[in-house]
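Each remark here refers to the structure printed beneath this line.
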Amino acid sequence: MQEHCSKMKSCIPAKEKEEEEVNQEVPQNVIPSFQNRLSISASHPSIVKQIQGETAPISWQPNFVPRRVTQPAPPPTLPTSKLSEEQNWQASVNSACERNAVLFNNSLMADVYFLVGEEGNQKRIPSHKYVLGAGSSVFCAMLYGGLAEQVKVMEIAIPDVEPTAFLNLLRYLYCDEIITEADTVLATLYAAKKYIVPQLAKACVRFLETSLSAKNACVLLSQGRLFEELELMQRCWEVIDAQAEESLKSDGFVDIDKRTLETILSRETLNTKEICVFNAVRRWAKAECVRQGLETTGYYQRQVLGSCLNLVRFPAMSLEEFANGPAQSNVLTLQECHDLFLYFTAHHYPKALSFCKLSRKGLSQFHVHRFQSSAYRSNQWRYRGRCDSIQFSVDRRIFVAGFGLYGSSNAASEYKVKMELKRNGLTEGHSVTSFLSDGSSNTFPVLFESPVQVEPDTFYTASVVLDGQELSYFGQEGVAEIQCGKVIFQFQCSAESTNGTGVQGGQIPEIIFYC
């Protein structure tokens, strides 16, 4: 299975020895009741509380138990065809499933053979008509219908199915076992669709949905259209919209069919710059020229693109982007380049541009705010290279764009930020940047270079290290569970937090996301 997490060196320092000053914690009397926690909305405004003097340290441990998923016990191992070599093997199996498992891919009592695969790469696979006819209406018609050959042992060629995928299909029909692997799942889905075995097809689709990422979303969208899997297509659109730049730059993008390319280019919610769209279109056009045996010149790129080129919104680019890219690509005609340059620079330009002038709308951002109020004190919140960290989980897939952070409680000040998002110790997103705060209690968005895909029912660790001279605001009256839109967030303390941040108070007041 294609790995989703890229191993990256953490930009968050390990827990160090305590320095001379440590941030104080929020008093216990600010912990909200269960009813109050449930009533808070994600858009609740922060209430600035100016607090004088010292407060006693408290614990920020969460007062809830996270959801746990009980893993089902693995099924018992079924016998294999090797058992049939033993005398009286039938007496050693206890069920029809075990007896069928012995006959799987076994020439014993076989009455039909399949020549599977393209010529030169064929595999002869034995089978049994009654098992196939009982498991698939297509096999039933093929083997027992009016057009079936009346021979003792049949031999049927199946050139359009891969041998491994066909064996996966037979394994399900014989043994009720489903094997899904990244290299063969699409071929297995094709076989399951061809022979109308819906449970195997559903298992393949579930596997594809769980392994979905920006690297394969465009290819899976193309396959989803082919197989008419609407739910898989919707999942693909979620990834392509939120992680459009990564999806368009993926290796698989050049392999999609033209109809899928057209639907992607027509998408209003692509969350990327138009120059990235154009660069992806050129990559696809070059690959299509190679597939058709054409030269990869601008002229032939335009020919294979056809009407798809008109879906690129050149007027939504900046003048510099257009001049350094499309204008020199030889894909556009001289007249089109002339008209577009006039659009960018002149008061009067041709009104009949053949390209849409409006930028894509992209996706709406959601902000989940986990504190009921914010505060500042004369001796906190300070940083000195320590890590503020919190863990969270969600009940449905989202794409984290970044975090909202508190800034200076004194005056305008700049902070340098190292932030990352980790799953099971592996860094899935990180950024090293800075932001300028204005002295207010507002939160300030700090974004990753590309949104990070977050799967449901798994705890992720959000961490930041801030470097700034000024003391900052901090959150208090935090909640352990909150709903934002259709997404339910749960928070728990992180062992990586060395600067005092926890569930009830501290930094990282907001998670910014798409869903």
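Residues in the structure tokens are named by chain (A, B, ... in the order shown) and by number from 1 within that chain; ligands are numbered from 1 in the order shown.
All residues within region 138-182 of chain A that the backbone DSSP calculation assigns to strand (DSSP E) are Met154, Glu155, Ile156, Ala157 and Ile158 of chain A.
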Go ahead and dump the residues you just picked, all heavy atoms, as a PDB file, in the first residue's frame.
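For reference, part19.pdb as written:
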ATOM      1  N   MET A 154     -14.449 -27.512 -19.868  1.00  0.00           N
ATOM      2  CA  MET A 154     -14.464 -26.306 -20.687  1.00  0.00           C
ATOM      3  C   MET A 154     -13.139 -25.557 -20.546  1.00  0.00           C
ATOM      4  O   MET A 154     -12.451 -25.663 -19.527  1.00  0.00           O
ATOM      5  CB  MET A 154     -15.617 -25.383 -20.262  1.00  0.00           C
ATOM      6  CG  MET A 154     -16.984 -26.018 -20.379  1.00  0.00           C
ATOM      7  SD  MET A 154     -18.291 -24.934 -19.737  1.00  0.00           S
ATOM      8  CE  MET A 154     -18.231 -23.589 -20.930  1.00  0.00           C
ATOM      9  N   GLU A 155     -12.794 -24.781 -21.579  1.00  0.00           N
ATOM     10  CA  GLU A 155     -11.619 -23.915 -21.532  1.00  0.00           C
ATOM     11  C   GLU A 155     -12.031 -22.565 -22.109  1.00  0.00           C
ATOM     12  O   GLU A 155     -12.500 -22.478 -23.240  1.00  0.00           O
ATOM     13  CB  GLU A 155     -10.456 -24.508 -22.307  1.00  0.00           C
ATOM     14  CG  GLU A 155      -9.161 -23.744 -22.110  1.00  0.00           C
ATOM     15  CD  GLU A 155      -7.939 -24.523 -22.583  1.00  0.00           C
ATOM     16  OE1 GLU A 155      -7.468 -25.393 -21.830  1.00  0.00           O
ATOM     17  OE2 GLU A 155      -7.490 -24.252 -23.709  1.00  0.00           O
ATOM     18  N   ILE A 156     -11.853 -21.518 -21.313  1.00  0.00           N
ATOM     19  CA  ILE A 156     -12.353 -20.192 -21.671  1.00  0.00           C
ATOM     20  C   ILE A 156     -11.206 -19.191 -21.565  1.00  0.00           C
ATOM     21  O   ILE A 156     -10.489 -19.140 -20.552  1.00  0.00           O
ATOM     22  CB  ILE A 156     -13.508 -19.763 -20.743  1.00  0.00           C
ATOM     23  CG1 ILE A 156     -14.661 -20.777 -20.842  1.00  0.00           C
ATOM     24  CG2 ILE A 156     -13.987 -18.364 -21.077  1.00  0.00           C
ATOM     25  CD1 ILE A 156     -15.772 -20.533 -19.844  1.00  0.00           C
ATOM     26  N   ALA A 157     -11.039 -18.373 -22.596  1.00  0.00           N
ATOM     27  CA  ALA A 157     -10.013 -17.328 -22.594  1.00  0.00           C
ATOM     28  C   ALA A 157     -10.594 -16.034 -22.045  1.00  0.00           C
ATOM     29  O   ALA A 157     -11.693 -15.618 -22.434  1.00  0.00           O
ATOM     30  CB  ALA A 157      -9.479 -17.111 -24.000  1.00  0.00           C
ATOM     31  N   ILE A 158      -9.840 -15.402 -21.130  1.00  0.00           N
ATOM     32  CA  ILE A 158     -10.241 -14.105 -20.569  1.00  0.00           C
ATOM     33  C   ILE A 158      -9.029 -13.177 -20.695  1.00  0.00           C
ATOM     34  O   ILE A 158      -8.223 -13.039 -19.770  1.00  0.00           O
ATOM     35  CB  ILE A 158     -10.677 -14.237 -19.095  1.00  0.00           C
ATOM     36  CG1 ILE A 158     -11.808 -15.261 -18.975  1.00  0.00           C
ATOM     37  CG2 ILE A 158     -11.119 -12.885 -18.552  1.00  0.00           C
ATOM     38  CD1 ILE A 158     -12.311 -15.467 -17.565  1.00  0.00           C
TER      39      ILE A 158
END
(request) Within 10 Å of region 308-317 of chain A, counting only C-alpha atoms, which residues show up once you throw out same-chain ones fewer than 2 positions away? Write them as a ChimeraX atom specification, please. (result) /A:258-259,261-267,273-278,281-282,285,301-306,319-323,326-327,331-332,337,340-341,343-344,353-360
So that I can see what lies close to region 127-136 of chain A, please list as a compact mmCIF listing (two decimals) with N, CA and C atoms, in the first residue's frame the residues with an atom at most 9 Å from it, counting only C-alpha atoms and leaving out residues fewer than 3 positions away in the same chain.
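Dumped everything to part.txt:
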# COMPACT_ATOMS: atom_id res chain seq x y z
N ASN A 100 -14.36 -25.95 0.04
CA ASN A 100 -14.16 -25.13 -1.15
C ASN A 100 -12.75 -24.53 -1.18
N LEU A 103 -10.31 -26.74 -2.79
CA LEU A 103 -10.45 -26.82 -4.24
C LEU A 103 -10.05 -25.54 -4.97
N PHE A 104 -9.82 -24.45 -4.24
CA PHE A 104 -9.44 -23.19 -4.86
C PHE A 104 -8.11 -23.33 -5.58
N ASN A 105 -8.09 -22.94 -6.87
CA ASN A 105 -6.89 -23.01 -7.72
C ASN A 105 -6.30 -24.42 -7.70
N ASN A 106 -7.17 -25.41 -7.77
CA ASN A 106 -6.79 -26.83 -7.66
C ASN A 106 -7.41 -27.57 -8.83
N SER A 107 -6.61 -28.35 -9.55
CA SER A 107 -7.12 -29.10 -10.70
C SER A 107 -7.94 -30.32 -10.29
N LEU A 108 -7.95 -30.65 -9.01
CA LEU A 108 -8.75 -31.78 -8.54
C LEU A 108 -10.24 -31.53 -8.83
N MET A 109 -10.86 -32.41 -9.61
CA MET A 109 -12.27 -32.33 -9.97
C MET A 109 -12.61 -31.07 -10.77
N ALA A 110 -11.62 -30.37 -11.30
CA ALA A 110 -11.88 -29.15 -12.09
C ALA A 110 -12.60 -29.51 -13.38
N ASP A 111 -13.61 -28.74 -13.73
CA ASP A 111 -14.35 -28.98 -14.96
C ASP A 111 -14.38 -27.75 -15.87
N VAL A 112 -13.59 -26.76 -15.54
CA VAL A 112 -13.42 -25.59 -16.40
C VAL A 112 -12.05 -24.99 -16.14
N TYR A 113 -11.38 -24.57 -17.22
CA TYR A 113 -10.07 -23.92 -17.12
C TYR A 113 -10.16 -22.55 -17.81
N PHE A 114 -9.52 -21.57 -17.18
CA PHE A 114 -9.51 -20.22 -17.74
C PHE A 114 -8.09 -19.86 -18.17
N PHE A 139 -21.07 -15.79 -14.44
CA PHE A 139 -20.51 -17.14 -14.59
C PHE A 139 -21.63 -18.16 -14.78
N CYS A 140 -22.75 -17.97 -14.10
CA CYS A 140 -23.87 -18.91 -14.23
C CYS A 140 -24.37 -18.95 -15.67
N ALA A 141 -24.53 -17.76 -16.28
CA ALA A 141 -24.97 -17.71 -17.66
C ALA A 141 -23.91 -18.27 -18.60
N MET A 142 -22.65 -18.01 -18.30
CA MET A 142 -21.55 -18.46 -19.15
C MET A 142 -21.40 -19.98 -19.12
N LEU A 143 -21.59 -20.56 -17.94
CA LEU A 143 -21.29 -21.98 -17.77
C LEU A 143 -22.51 -22.88 -17.85
N TYR A 144 -23.69 -22.32 -17.54
CA TYR A 144 -24.90 -23.15 -17.51
C TYR A 144 -26.00 -22.62 -18.43
N LEU A 170 -11.66 -15.40 -7.65
CA LEU A 170 -11.96 -16.79 -7.32
C LEU A 170 -11.79 -17.05 -5.82
N LEU A 173 -14.92 -16.12 -4.16
CA LEU A 173 -16.03 -17.03 -4.46
C LEU A 173 -15.86 -18.37 -3.74
N TYR A 174 -14.62 -18.83 -3.61
CA TYR A 174 -14.36 -20.12 -2.96
C TYR A 174 -14.27 -20.01 -1.44
N TYR A 195 -17.88 -9.43 -13.47
CA TYR A 195 -18.60 -10.66 -13.15
C TYR A 195 -19.68 -10.45 -12.07
N ILE A 196 -19.99 -9.20 -11.79
CA ILE A 196 -21.08 -8.81 -10.88
C ILE A 196 -20.96 -9.53 -9.54
N VAL A 197 -19.88 -9.22 -8.84
CA VAL A 197 -19.65 -9.72 -7.48
C VAL A 197 -19.59 -8.48 -6.58
(request) Just the helix (DSSP H, G or I) stuff from region 222-278 of chain A, please, per backbone DSSP, written as a PyMOL selection string. (result) chain A and resi 222-227+230-242+244-249+251-255+258-265+274-278
Next, dump the selected residues to file, keeping only N, CA and C atoms, as a tab-separated table (two decimals), in the first residue's frame.
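result.tsv written:
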chain	number	residue	atom	x	y	z
A	222	SER	N	-10.56	9.05	-12.26
A	222	SER	CA	-10.75	8.52	-13.61
A	222	SER	C	-11.31	7.10	-13.56
A	223	GLN	N	-10.77	6.28	-12.66
A	223	GLN	CA	-11.26	4.91	-12.52
A	223	GLN	C	-12.67	4.88	-11.94
A	224	GLY	N	-12.94	5.79	-10.99
A	224	GLY	CA	-14.28	5.86	-10.41
A	224	GLY	C	-15.33	6.19	-11.45
A	225	ARG	N	-14.99	7.07	-12.39
A	225	ARG	CA	-15.91	7.37	-13.49
A	225	ARG	C	-16.12	6.14	-14.35
A	226	LEU	N	-15.04	5.40	-14.63
A	226	LEU	CA	-15.14	4.21	-15.46
A	226	LEU	C	-16.06	3.16	-14.83
A	227	PHE	N	-15.92	2.98	-13.50
A	227	PHE	CA	-16.69	1.96	-12.80
A	227	PHE	C	-18.01	2.49	-12.24
A	230	LEU	N	-19.89	6.32	-7.53
A	230	LEU	CA	-20.15	7.72	-7.20
A	230	LEU	C	-19.53	8.11	-5.86
A	231	GLU	N	-19.57	7.22	-4.87
A	231	GLU	CA	-19.01	7.56	-3.55
A	231	GLU	C	-17.50	7.72	-3.63
A	232	LEU	N	-16.84	6.84	-4.38
A	232	LEU	CA	-15.40	6.97	-4.56
A	232	LEU	C	-15.07	8.28	-5.28
A	233	MET	N	-15.86	8.63	-6.29
A	233	MET	CA	-15.63	9.88	-7.00
A	233	MET	C	-15.76	11.08	-6.07
A	234	GLN	N	-16.76	11.06	-5.19
A	234	GLN	CA	-16.94	12.16	-4.26
A	234	GLN	C	-15.74	12.29	-3.32
A	235	ARG	N	-15.23	11.16	-2.84
A	235	ARG	CA	-14.03	11.19	-1.99
A	235	ARG	C	-12.84	11.78	-2.75
A	236	CYS	N	-12.72	11.39	-4.01
A	236	CYS	CA	-11.62	11.92	-4.82
A	236	CYS	C	-11.73	13.43	-4.99
A	237	TRP	N	-12.95	13.92	-5.22
A	237	TRP	CA	-13.14	15.36	-5.37
A	237	TRP	C	-12.76	16.10	-4.09
A	238	GLU	N	-13.05	15.53	-2.93
A	238	GLU	CA	-12.68	16.17	-1.67
A	238	GLU	C	-11.18	16.40	-1.61
A	239	VAL	N	-10.41	15.38	-2.01
A	239	VAL	CA	-8.95	15.48	-1.98
A	239	VAL	C	-8.46	16.44	-3.05
A	240	ILE	N	-8.98	16.32	-4.25
A	240	ILE	CA	-8.50	17.15	-5.36
A	240	ILE	C	-8.80	18.62	-5.09
A	241	ASP	N	-9.98	18.93	-4.56
A	241	ASP	CA	-10.31	20.33	-4.27
A	241	ASP	C	-9.39	20.91	-3.20
A	242	ALA	N	-9.23	20.18	-2.08
A	242	ALA	CA	-8.46	20.71	-0.95
A	242	ALA	C	-6.97	20.71	-1.21
A	244	ALA	N	-5.35	20.65	-4.28
A	244	ALA	CA	-5.34	20.75	-5.74
A	244	ALA	C	-3.92	20.83	-6.30
A	245	GLU	N	-3.07	21.61	-5.69
A	245	GLU	CA	-1.72	21.78	-6.23
A	245	GLU	C	-0.97	20.46	-6.23
A	246	GLU	N	-1.02	19.72	-5.11
A	246	GLU	CA	-0.35	18.43	-5.04
A	246	GLU	C	-0.97	17.44	-6.02
A	247	SER	N	-2.30	17.45	-6.13
A	247	SER	CA	-2.97	16.51	-7.03
A	247	SER	C	-2.60	16.77	-8.47
A	248	LEU	N	-2.55	18.05	-8.87
A	248	LEU	CA	-2.22	18.39	-10.25
A	248	LEU	C	-0.76	18.14	-10.58
A	249	LYS	N	0.10	18.14	-9.57
A	249	LYS	CA	1.52	17.88	-9.79
A	249	LYS	C	1.86	16.40	-9.69
A	251	ASP	N	2.29	12.38	-10.34
A	251	ASP	CA	2.69	11.64	-11.54
A	251	ASP	C	1.48	11.06	-12.27
A	252	GLY	N	0.47	10.65	-11.50
A	252	GLY	CA	-0.69	10.00	-12.11
A	252	GLY	C	-1.59	10.94	-12.88
A	253	PHE	N	-1.43	12.25	-12.69
A	253	PHE	CA	-2.32	13.19	-13.37
A	253	PHE	C	-2.22	13.06	-14.89
A	254	VAL	N	-1.04	12.78	-15.41
A	254	VAL	CA	-0.87	12.71	-16.86
A	254	VAL	C	-1.50	11.46	-17.45
A	255	ASP	N	-1.94	10.52	-16.62
A	255	ASP	CA	-2.51	9.26	-17.12
A	255	ASP	C	-4.03	9.27	-17.18
A	258	LYS	N	-9.24	12.08	-21.15
A	258	LYS	CA	-9.54	13.47	-21.50
A	258	LYS	C	-10.82	13.96	-20.85
A	259	ARG	N	-11.81	13.08	-20.74
A	259	ARG	CA	-13.07	13.48	-20.11
A	259	ARG	C	-12.85	13.85	-18.65
A	260	THR	N	-12.01	13.08	-17.94
A	260	THR	CA	-11.70	13.41	-16.54
A	260	THR	C	-10.94	14.72	-16.46
A	261	LEU	N	-10.01	14.94	-17.39
A	261	LEU	CA	-9.28	16.22	-17.43
A	261	LEU	C	-10.26	17.38	-17.56
A	262	GLU	N	-11.24	17.22	-18.43
A	262	GLU	CA	-12.22	18.29	-18.66
A	262	GLU	C	-13.03	18.58	-17.39
A	263	THR	N	-13.43	17.54	-16.67
A	263	THR	CA	-14.21	17.76	-15.44
A	263	THR	C	-13.37	18.44	-14.36
A	264	ILE	N	-12.08	18.11	-14.29
A	264	ILE	CA	-11.21	18.76	-13.30
A	264	ILE	C	-11.03	20.24	-13.64
A	265	LEU	N	-10.79	20.54	-14.91
A	265	LEU	CA	-10.58	21.93	-15.32
A	265	LEU	C	-11.85	22.77	-15.17
A	274	GLU	N	-4.00	29.58	-10.79
A	274	GLU	CA	-4.29	29.18	-12.15
A	274	GLU	C	-3.04	28.79	-12.92
A	275	ILE	N	-1.89	29.34	-12.55
A	275	ILE	CA	-0.66	28.96	-13.23
A	275	ILE	C	-0.33	27.50	-12.97
A	276	CYS	N	-0.69	27.02	-11.79
A	276	CYS	CA	-0.49	25.59	-11.48
A	276	CYS	C	-1.40	24.73	-12.36
A	277	VAL	N	-2.62	25.20	-12.60
A	277	VAL	CA	-3.55	24.48	-13.48
A	277	VAL	C	-2.97	24.40	-14.89
A	278	PHE	N	-2.45	25.52	-15.39
A	278	PHE	CA	-1.88	25.53	-16.74
A	278	PHE	C	-0.68	24.58	-16.85
(request) Using only C-alpha atoms, determine which residues lie at most 7 Å from Lys416 (chain A), disregarding the query and same-chain residues fewer than 4 positions distant; provide the list as number ranges by chain. (result) A: 433-435, 466-468
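Distance-wise, CA of Asp457 (chain A) and CA of Arg386 (chain A) end up 28.4 Å apart.
Proximity of A:Ile398, A:Ala375, A:Leu212, A:Ala412 to Glu477 (chain A), computed with only C-alpha atoms, is greatest for A:Ala375.
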